[in-house]
Amino acid sequence: MDVAVFWVLAVLAVVSGAMVFRFDSMARATFSLLTSLLCVGGLVVLLGLDYLGIVIVLMMTIEMAIMAVFMVMYMMNPAGLMPMTMMHNKRGAAVVCGLVFLLLAAGILFAPWPARRGKSSADPTMELGMSLMGPQMLTMMTLGMALFATIVATVVLATRRGRYDRLGDDLRARRADDPVRGGVGR
Amino acid sequence: MTLELFLLSAAALFCVGLFGALTQQSIVMLMMGLELMLGGVILAAAAAWHYIAPATADGQVLIVLAVTAMALEMAIGFAVVTALFRAREVDMTDMAAELKE
C-alpha cells in the first residue's frame with residue numbers, strides 16, 4: 001500500500017511540477033505547482049512526519065492562493081487565452097538541468113549511505129519541539145530574526161510613499177508633502 | 001521504498017525547478033521554479049531523517065528551515081516585483097537588466 005502511495009505521489013509531484021512551465025494559463029500553472037507541493041507534503045507524511053507534512057500542505061495551499069492573485073496581477077497573459085512562450089535559453093537550461101540531475105543521481109546511487117541508526121521516537125513532533133527549544137535554539141532564533149527582517153523589508157519595498165517621502169529626511173516638515181491634500185498631517 | 005527512490009524523486013523535482021528558474025522570463029514564474037527546488041530539498045531532508053538518523057530531530061529541523069526559506073523567498077520576491085513594477089513597469093527578468101553593462 002505504502003509503495004503504491006509513494007509511486008503515485010512521487011510521479012504526480014514531478015509531472016505536475018513539469019506542467020507548471022507548460023501551461024499557458026497562469027491560474028493553471030499555480031494550481032499545478034500546488035498539486036506538486038501537496039504531493040511533497042503527502043510524501044513527508046508517508047515518511048512518518050505527520051506534523052511537518054500537514055504544515056507543508058496548509059502552508060502551500062495558502063501560499064498558492066496568494067500566488068494566484070499575484071500571478072494574475074503581474075502577468076501579461078493571465079487567462080492564457082493565447083498560446084505563448086515565455087522562455088529564454090531553453091536549450092542551455094535543459095543541458096544544465098540534465099547534467100545536474102545526472103550528477104545528483106550518480107551521487108545518490110553510488111554513495112555508500114550509512115545504515116539506519118536508532119529508531120524514531122513514538123512522537124517525532126514532540127522531539128522536534130524539544131529540539132527547537134533546546135539544542136537547536138540558535139536555529140530557531142535565527143529563523144525568527146529572518147522572518148522579522150522579511151516583514152520589515154517587504155513593507156519597505158512595497159510601500160509607495162513612506163513617511164520620509166511625506167515629511168522629509170529628518171521628519172521635520174511642518175506640512176506633509178502629499179499628492180492629494182487631506183488625511184492625517186494635513 | 002528505499003532512500004535512493006526518495007532522493008531520486010527529490011532530485012527530479014529539484015532539476016525541474018532549476019529548469020524553470022533558468023528559463024522563465026517572468027519573475028513570478030521564476031519564483032515558482034525556486035519553490036519547486038525547495039520542495040525537492042524538503043523531500044530529501046525528510047527521506048534522510050527517516051532512513052538515516054530517525055533518532056535525532058536534526059532532519060526535521062532542516063525541513064523547518066527549508067519551509068521558512070520558501071515563505072521568505074515568496075514574500076521578498078513579491079515585494080521586489082511590486083517595487084520593480086512600480087519603478088519601471090517591468091515584470092520580466094530581461095527588461096530589468098540595467099546593471100548588466
# chains A, B, ... in the order shown; residues from 1 in each chain; ligands from 1
$ closest_atom_pairs --of "chain B" --to "chain A" --cutoff "7 Å" --atoms "only C-alpha atoms" --output "Markdown table"
| residue | atom | partner | partner_atom | distance |
| --- | --- | --- | --- | --- |
| B:Met1 | CA | A:Val3 | CA | 6.0 |
| B:Glu4 | CA | A:Ile108 | CA | 6.1 |
| B:Leu7 | CA | A:Ile108 | CA | 6.8 |
| B:Leu8 | CA | A:Ala105 | CA | 6.3 |
| B:Ser9 | CA | A:Ala10 | CA | 6.3 |
| B:Ala11 | CA | A:Phe101 | CA | 6.3 |
| B:Ala12 | CA | A:Val14 | CA | 6.6 |
| B:Leu13 | CA | A:Val14 | CA | 5.6 |
| B:Cys15 | CA | A:Cys97 | CA | 5.4 |
| B:Val16 | CA | A:Ala18 | CA | 6.0 |
| B:Leu18 | CA | A:Cys97 | CA | 6.5 |
| B:Phe19 | CA | A:Ala93 | CA | 5.7 |
| B:Gly20 | CA | A:Phe21 | CA | 6.5 |
| B:Leu22 | CA | A:Ala93 | CA | 5.9 |
| B:Thr23 | CA | A:Met87 | CA | 5.0 |
| B:Gln24 | CA | A:Met87 | CA | 4.8 |
| B:Gln25 | CA | A:Met87 | CA | 5.5 |
| B:Val28 | CA | A:Met71 | CA | 6.6 |
| B:Leu36 | CA | A:Gly17 | CA | 6.9 |
| B:Gly39 | CA | A:Leu37 | CA | 6.5 |
| B:Leu43 | CA | A:Val40 | CA | 6.3 |
| B:Ala46 | CA | A:Val44 | CA | 6.1 |
| B:Ala47 | CA | A:Leu47 | CA | 6.8 |
| B:His50 | CA | A:Leu47 | CA | 6.2 |
| B:Tyr51 | CA | A:Arg116 | CA | 5.6 |
| B:Ile52 | CA | A:Arg116 | CA | 4.5 |
| B:Ala53 | CA | A:Arg117 | CA | 5.5 |
| B:Pro54 | CA | A:Ser120 | CA | 4.6 |
| B:Ala55 | CA | A:Ser120 | CA | 4.8 |
| B:Ala57 | CA | A:Leu128 | CA | 5.5 |
| B:Gln60 | CA | A:Leu128 | CA | 6.5 |
| B:Val61 | CA | A:Leu128 | CA | 7.0 |
| B:Leu72 | CA | A:Thr150 | CA | 6.5 |
| B:Ala75 | CA | A:Thr154 | CA | 6.7 |
| B:Ile76 | CA | A:Thr154 | CA | 5.8 |
| B:Ala79 | CA | A:Thr154 | CA | 5.2 |
| B:Val80 | CA | A:Leu157 | CA | 6.4 |
| B:Thr82 | CA | A:Ala158 | CA | 5.9 |
| B:Ala83 | CA | A:Ala158 | CA | 5.6 |
| B:Asp91 | CA | A:Tyr74 | CA | 6.5 |
$ residues_around --residues "B:Leu62" --least-positions-apart "4" --cutoff "10 Å" --atoms "only C-alpha atoms" --output "number ranges by chain"
A: 139; B: 41-42, 44-46, 49, 57-58, 66-68
$ write_last_selection --atoms "C-alpha atoms" --output "CSV table (one decimal), in the first residue's frame"
chain,number,residue,atom,x,y,z
A,139,THR,CA,18.4,27.9,14.6
B,41,VAL,CA,15.1,19.9,-0.7
B,42,ILE,CA,12.3,19.3,1.8
B,44,ALA,CA,15.3,14.9,0.5
B,45,ALA,CA,15.6,16.1,4.1
B,46,ALA,CA,12.6,14.1,5.2
B,49,TRP,CA,15.6,11.8,8.5
B,57,ALA,CA,15.5,15.6,15.2
B,58,ASP,CA,18.1,17.3,13.0
B,66,ALA,CA,13.5,24.9,4.1
B,67,VAL,CA,9.9,25.7,4.7
B,68,THR,CA,10.8,29.0,6.3
$ residues_around --residues "stretch 161-165 of chain A" --least-positions-apart "3" --cutoff "9 Å" --atoms "only C-alpha atoms" --output "number ranges by chain"
A: 156, 168-171, 176-178
$ atom_distance --atom1 "atom CA of B:Leu30" --atom2 "atom CA of B:Glu73"
11.3 Å
$ residues_around --residues "B:Met74" --least-positions-apart "3" --cutoff "9 Å" --atoms "only C-alpha atoms" --output "PyMOL selection string"
(chain A and resi 63+67) or (chain B and resi 31-32+35+69-71+77-79)
$ write_last_selection --atoms "C-alpha atoms" --output "compact mmCIF listing (two decimals), in the first residue's frame"
# COMPACT_ATOMS: atom_id res chain seq x y z
CA GLU A 63 0.74 30.40 -0.41
CA MET A 67 0.46 33.48 -5.59
CA MET B 31 9.90 32.14 -8.22
CA MET B 32 7.70 29.12 -8.90
CA GLU B 35 9.66 26.87 -4.86
CA ALA B 69 13.15 29.73 3.33
CA MET B 70 10.21 29.06 0.98
CA ALA B 71 7.99 31.54 2.79
CA GLY B 77 10.05 38.04 -4.26
CA PHE B 78 6.60 39.60 -4.43
CA ALA B 79 7.82 42.74 -2.66
$ closest_residue --among "B:Leu34, B:Ala21, B:Leu84, B:Ala48" --to "B:Phe6" --atoms "only C-alpha atoms"
B:Ala48
$ select_by_dssp --residues "chain B" --states "helix (DSSP H, G or I)" --output "PyMOL selection string"
chain B and resi 3-23+27-51+58-88+93-95+98-100
